[in-house]
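A.B. asks: Got a structure here, written out as structure tokens. Questions coming.
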Amino acid sequence: MLIAGNWKMNGGVALLDELAAIAAKAADTPQVDVAIFPPFTLIAPAVAQAGTVIIGGQDCHQVAAGAYTGSTSASMLVDAGATQVLCGHSERRAGFGETNQMVRAKAETALAAGLHVVICVGENRADRDNRRAGHVVGAQLDGSVPPSGTAETMVVAYEPAWAIGSGRTPTAAEISGMHDLIRAKLIQILGEDGACVRILYGGSVSPANAAEILGIPDVDGALVGGASLTAADFVPIITAAANVSQ
Ligand code: 13P
């Protein structure tokens with residue numbers, strides 16, 4: 001199981017107190033991998049006190065270096081001590097025009113720099129209502145999974161955009177159905193290795209629903225937004241993962 005927290009554009013140095021409490025829990029829970037994706041400004045200080053918690057970036061540029069004002073390269077993340085990066089989060093796809101092609105290029109650049117990648121996919125509300133969710137997610141995987149990714153270096157996060165920050169989650173059957181589809185597609189793209197790539201669920205995961213969601217077959221962990229901002233909410237999610245892992 002992997003329990004990952006995406007802090008998005010939240011937090012200053014004071015939020016590192018929460019990381020300290022999360023790191024203490026992670027140290028006590030070796031059967032669960034724990035990751036935090038803080039804003040770029042907090043990566044280096046987060047690494048300094050992360051203990052066993054994996055620290056990653058929320059994005060990187062698809063080009064290795066150059067005149068791209070405001071952007072952060074994969075090797076800069078490595079330099080700051082990060083070991084992973086999110087690629088193609090729905091907020092990047094919708095708000096910053098990231099296409100599947102760009103997401104794949106970012107992932108390839110990140111892998112080449114030595115980072116592990118979390119490829120994010122997920123349909124929006126209209127896709128789900130029009131019964132196009134499977135088609136959309138399948139196309140996102142076809143377009144954005146880097147062929148050089150492996151079960152060791154890559155994770156896929158299924159995050160339906162309509163479930164993010166909304167307090168609404170798909171039913172267990174909907175999550176299970178989509179994870180099955182993602183699994184089949186990963187095997188199609190990567191061959192045998194696709195059977196072992198971890199698939200996370202993300203979107204309004206909370207202490208209240210974590211046990212049920214993490215208990216769904218082929219849910220290998222969670223990508224958590226709002227509930228990762230405090231140890232009080234995030235630690236019970238790690239506990240739920242530990243209980244499922246037993
Ligand atoms: P919430 O858990 O706040 O819905 O956010 C999910 C998410 O976008 C994680 O990347």
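Ligands are numbered from 1 in the order shown, chains are lettered A, B, ... in the order of the structure tokens, and residues start at 1 in each chain.
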Just asking: which residues within segment 8-172 of chain A are alpha helix (DSSP H) according to DSSP, as a ChimeraX atom specification?
C.D. replies: /A:16-28,40-48,74-80,90-95,100-112,125-129,133-144,172
A.B. asks: Could you list, as a count of residues only, every residue within 10 Å of Asn243 of chain A, counting only C-alpha atoms and ignoring same-chain residues fewer than 3 positions away?
C.D. replies: 10
A.B. asks: Near Thr171 of chain A, counting only C-alpha atoms, which residues have an atom at most 12 Å away, once you skip same-chain residues fewer than 3 positions from it, shown as a count of residues only?
C.D. replies: 14
A.B. asks: Select the residues contacting ligand 1 at a distance of at most 7 Å, based on only C-alpha atoms and all ligand atoms, then format the selection as a short mmCIF file (atom, residue, chain, number, x, y, z; two decimals) with N, CA, C and O atoms, in the first residue's frame.
C.D. replies:
data_model
loop_
_atom_site.label_atom_id
_atom_site.label_comp_id
_atom_site.auth_asym_id
_atom_site.auth_seq_id
_atom_site.Cartn_x
_atom_site.Cartn_y
_atom_site.Cartn_z
N GLY A 5 0.13 12.01 0.06
CA GLY A 5 -0.58 13.26 0.32
C GLY A 5 -0.10 14.34 -0.64
O GLY A 5 1.10 14.56 -0.78
N ASN A 6 -1.06 14.96 -1.32
CA ASN A 6 -0.75 16.05 -2.25
C ASN A 6 -1.17 17.36 -1.58
O ASN A 6 -2.37 17.61 -1.45
N HIS A 89 -1.68 15.63 -13.04
CA HIS A 89 -2.81 15.79 -12.12
C HIS A 89 -3.93 16.53 -12.85
O HIS A 89 -3.68 17.40 -13.68
N GLU A 159 -8.03 9.44 -10.34
CA GLU A 159 -8.66 10.52 -9.59
C GLU A 159 -9.78 11.14 -10.44
O GLU A 159 -9.50 12.03 -11.26
N ALA A 163 -14.69 14.10 -8.12
CA ALA A 163 -14.62 13.65 -6.73
C ALA A 163 -13.58 14.45 -5.93
O ALA A 163 -13.53 14.34 -4.70
N ILE A 164 -12.76 15.24 -6.63
CA ILE A 164 -11.68 15.95 -5.95
C ILE A 164 -12.22 17.17 -5.22
O ILE A 164 -12.88 18.02 -5.81
N GLY A 165 -11.96 17.21 -3.92
CA GLY A 165 -12.36 18.36 -3.11
C GLY A 165 -13.86 18.54 -2.98
O GLY A 165 -14.33 19.56 -2.48
N SER A 166 -14.63 17.55 -3.40
CA SER A 166 -16.09 17.72 -3.43
C SER A 166 -16.79 17.00 -2.28
O SER A 166 -17.98 17.23 -2.05
N GLY A 167 -16.06 16.11 -1.61
CA GLY A 167 -16.72 15.30 -0.59
C GLY A 167 -17.53 14.16 -1.18
O GLY A 167 -18.15 13.39 -0.46
N GLY A 202 -7.83 8.38 -5.81
CA GLY A 202 -7.80 9.71 -5.20
C GLY A 202 -9.09 10.45 -5.47
O GLY A 202 -9.70 10.29 -6.55
N GLY A 203 -9.50 11.28 -4.52
CA GLY A 203 -10.73 12.07 -4.65
C GLY A 203 -11.56 11.93 -3.40
O GLY A 203 -12.23 10.92 -3.21
N SER A 204 -11.44 12.95 -2.51
CA SER A 204 -12.23 12.99 -1.26
C SER A 204 -12.01 11.78 -0.36
O SER A 204 -12.92 11.33 0.34
N VAL A 205 -10.77 11.25 -0.37
CA VAL A 205 -10.43 10.20 0.61
C VAL A 205 -10.31 10.88 1.98
O VAL A 205 -9.71 11.95 2.11
N LEU A 223 -4.29 8.60 -3.09
CA LEU A 223 -3.68 9.93 -3.27
C LEU A 223 -4.66 10.91 -2.64
O LEU A 223 -5.79 11.06 -3.11
N VAL A 224 -4.21 11.55 -1.57
CA VAL A 224 -5.10 12.31 -0.70
C VAL A 224 -4.77 13.80 -0.80
O VAL A 224 -3.60 14.18 -0.72
N GLY A 225 -5.78 14.63 -0.97
CA GLY A 225 -5.56 16.07 -1.01
C GLY A 225 -5.81 16.69 0.35
O GLY A 225 -4.95 16.66 1.24
N GLY A 226 -7.00 17.23 0.55
CA GLY A 226 -7.34 18.00 1.75
C GLY A 226 -6.99 17.28 3.06
O GLY A 226 -6.45 17.91 3.99
N ALA A 227 -7.27 15.98 3.10
CA ALA A 227 -7.05 15.25 4.36
C ALA A 227 -5.57 14.93 4.60
O ALA A 227 -5.24 14.30 5.61
#
A.B. asks: Near segment 130-144 of chain A, counting only C-alpha atoms, which residues have an atom at most 6 Å away, once you skip same-chain residues fewer than 2 positions from it, shown as a PDB file with C-alpha atoms, in the first residue's frame?
C.D. replies:
ATOM      1  CA  ASN A 100      -1.529  13.488 -22.696  1.00  0.00           C
ATOM      2  CA  VAL A 103       2.217  14.372 -19.458  1.00  0.00           C
ATOM      3  CA  ARG A 104       4.092  11.511 -21.123  1.00  0.00           C
ATOM      4  CA  GLY A 122      -9.524  10.501 -14.289  1.00  0.00           C
ATOM      5  CA  GLU A 123     -12.727  11.558 -15.974  1.00  0.00           C
ATOM      6  CA  ALA A 126     -19.766  15.066 -17.878  1.00  0.00           C
ATOM      7  CA  ASP A 127     -17.670  12.068 -18.981  1.00  0.00           C
ATOM      8  CA  ARG A 128     -19.087   9.999 -16.131  1.00  0.00           C
TER       9      ARG A 128
END
A.B. asks: What residues in segment 13-225 of chain A get the DSSP label strand (DSSP E or B)? Please answer as a VMD selection string.
C.D. replies: chain A and resid 33 to 37 54 to 57 84 to 87 116 to 121 154 to 158 198 to 202 221 to 224
A.B. asks: Just the selected residues (C-alpha atoms), exported as a PDB file, in the first residue's frame, please.
C.D. replies:
ATOM      1  CA  ASP A  33       4.705   3.387   2.067  1.00  0.00           C
ATOM      2  CA  VAL A  34       3.917   7.024   2.875  1.00  0.00           C
ATOM      3  CA  ALA A  35       4.600   9.966   0.541  1.00  0.00           C
ATOM      4  CA  ILE A  36       4.015  13.715   0.706  1.00  0.00           C
ATOM      5  CA  PHE A  37       4.031  16.032  -2.288  1.00  0.00           C
ATOM      6  CA  ILE A  54       8.911   9.767   0.455  1.00  0.00           C
ATOM      7  CA  ILE A  55       8.985  13.406  -0.681  1.00  0.00           C
ATOM      8  CA  GLY A  56       7.971  14.315  -4.231  1.00  0.00           C
ATOM      9  CA  GLY A  57       7.209  17.263  -6.474  1.00  0.00           C
ATOM     10  CA  GLN A  84       9.014  11.162  -7.037  1.00  0.00           C
ATOM     11  CA  VAL A  85       6.843  13.513  -9.077  1.00  0.00           C
ATOM     12  CA  LEU A  86       3.142  13.742  -9.924  1.00  0.00           C
ATOM     13  CA  CYS A  87       2.526  13.921 -13.678  1.00  0.00           C
ATOM     14  CA  HIS A 116       9.701   7.736  -9.864  1.00  0.00           C
ATOM     15  CA  VAL A 117       6.459   9.004 -11.407  1.00  0.00           C
ATOM     16  CA  VAL A 118       2.793   9.036 -10.409  1.00  0.00           C
ATOM     17  CA  ILE A 119       0.700   9.277 -13.580  1.00  0.00           C
ATOM     18  CA  CYS A 120      -2.692  10.796 -12.766  1.00  0.00           C
ATOM     19  CA  VAL A 121      -5.801  10.014 -14.813  1.00  0.00           C
ATOM     20  CA  MET A 154       5.704   4.155 -11.876  1.00  0.00           C
ATOM     21  CA  VAL A 155       2.385   4.383 -10.066  1.00  0.00           C
ATOM     22  CA  VAL A 156      -0.984   5.260 -11.619  1.00  0.00           C
ATOM     23  CA  ALA A 157      -3.488   7.351  -9.660  1.00  0.00           C
ATOM     24  CA  TYR A 158      -7.150   7.215 -10.653  1.00  0.00           C
ATOM     25  CA  ARG A 198       0.355   0.142  -8.168  1.00  0.00           C
ATOM     26  CA  ILE A 199      -3.000   1.807  -8.813  1.00  0.00           C
ATOM     27  CA  LEU A 200      -4.072   4.448  -6.285  1.00  0.00           C
ATOM     28  CA  TYR A 201      -7.521   5.949  -5.844  1.00  0.00           C
ATOM     29  CA  GLY A 202      -7.798   9.713  -5.201  1.00  0.00           C
ATOM     30  CA  GLY A 221      -3.323   2.939  -1.970  1.00  0.00           C
ATOM     31  CA  ALA A 222      -4.659   6.480  -2.025  1.00  0.00           C
ATOM     32  CA  LEU A 223      -3.681   9.927  -3.268  1.00  0.00           C
ATOM     33  CA  VAL A 224      -5.099  12.309  -0.701  1.00  0.00           C
TER      34      VAL A 224
END
A.B. asks: Which residue, A:Thr169, A:Gln101, A:Thr109, A:Ser148, has the smallest gap to Ala64 of chain A when you use only C-alpha atoms?
C.D. replies: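 Of A:Thr169, A:Gln101, A:Thr109, A:Ser148, the one nearest Ala64 of chain A is A:Thr109, counting only C-alpha atoms.
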A.B. asks: So, with only C-alpha atoms as the atoms that count, which of A:Pro147, A:Pro39, A:Pro236, A:Pro217 lies closest to Ala173 of chain A?
C.D. replies: A:Pro217
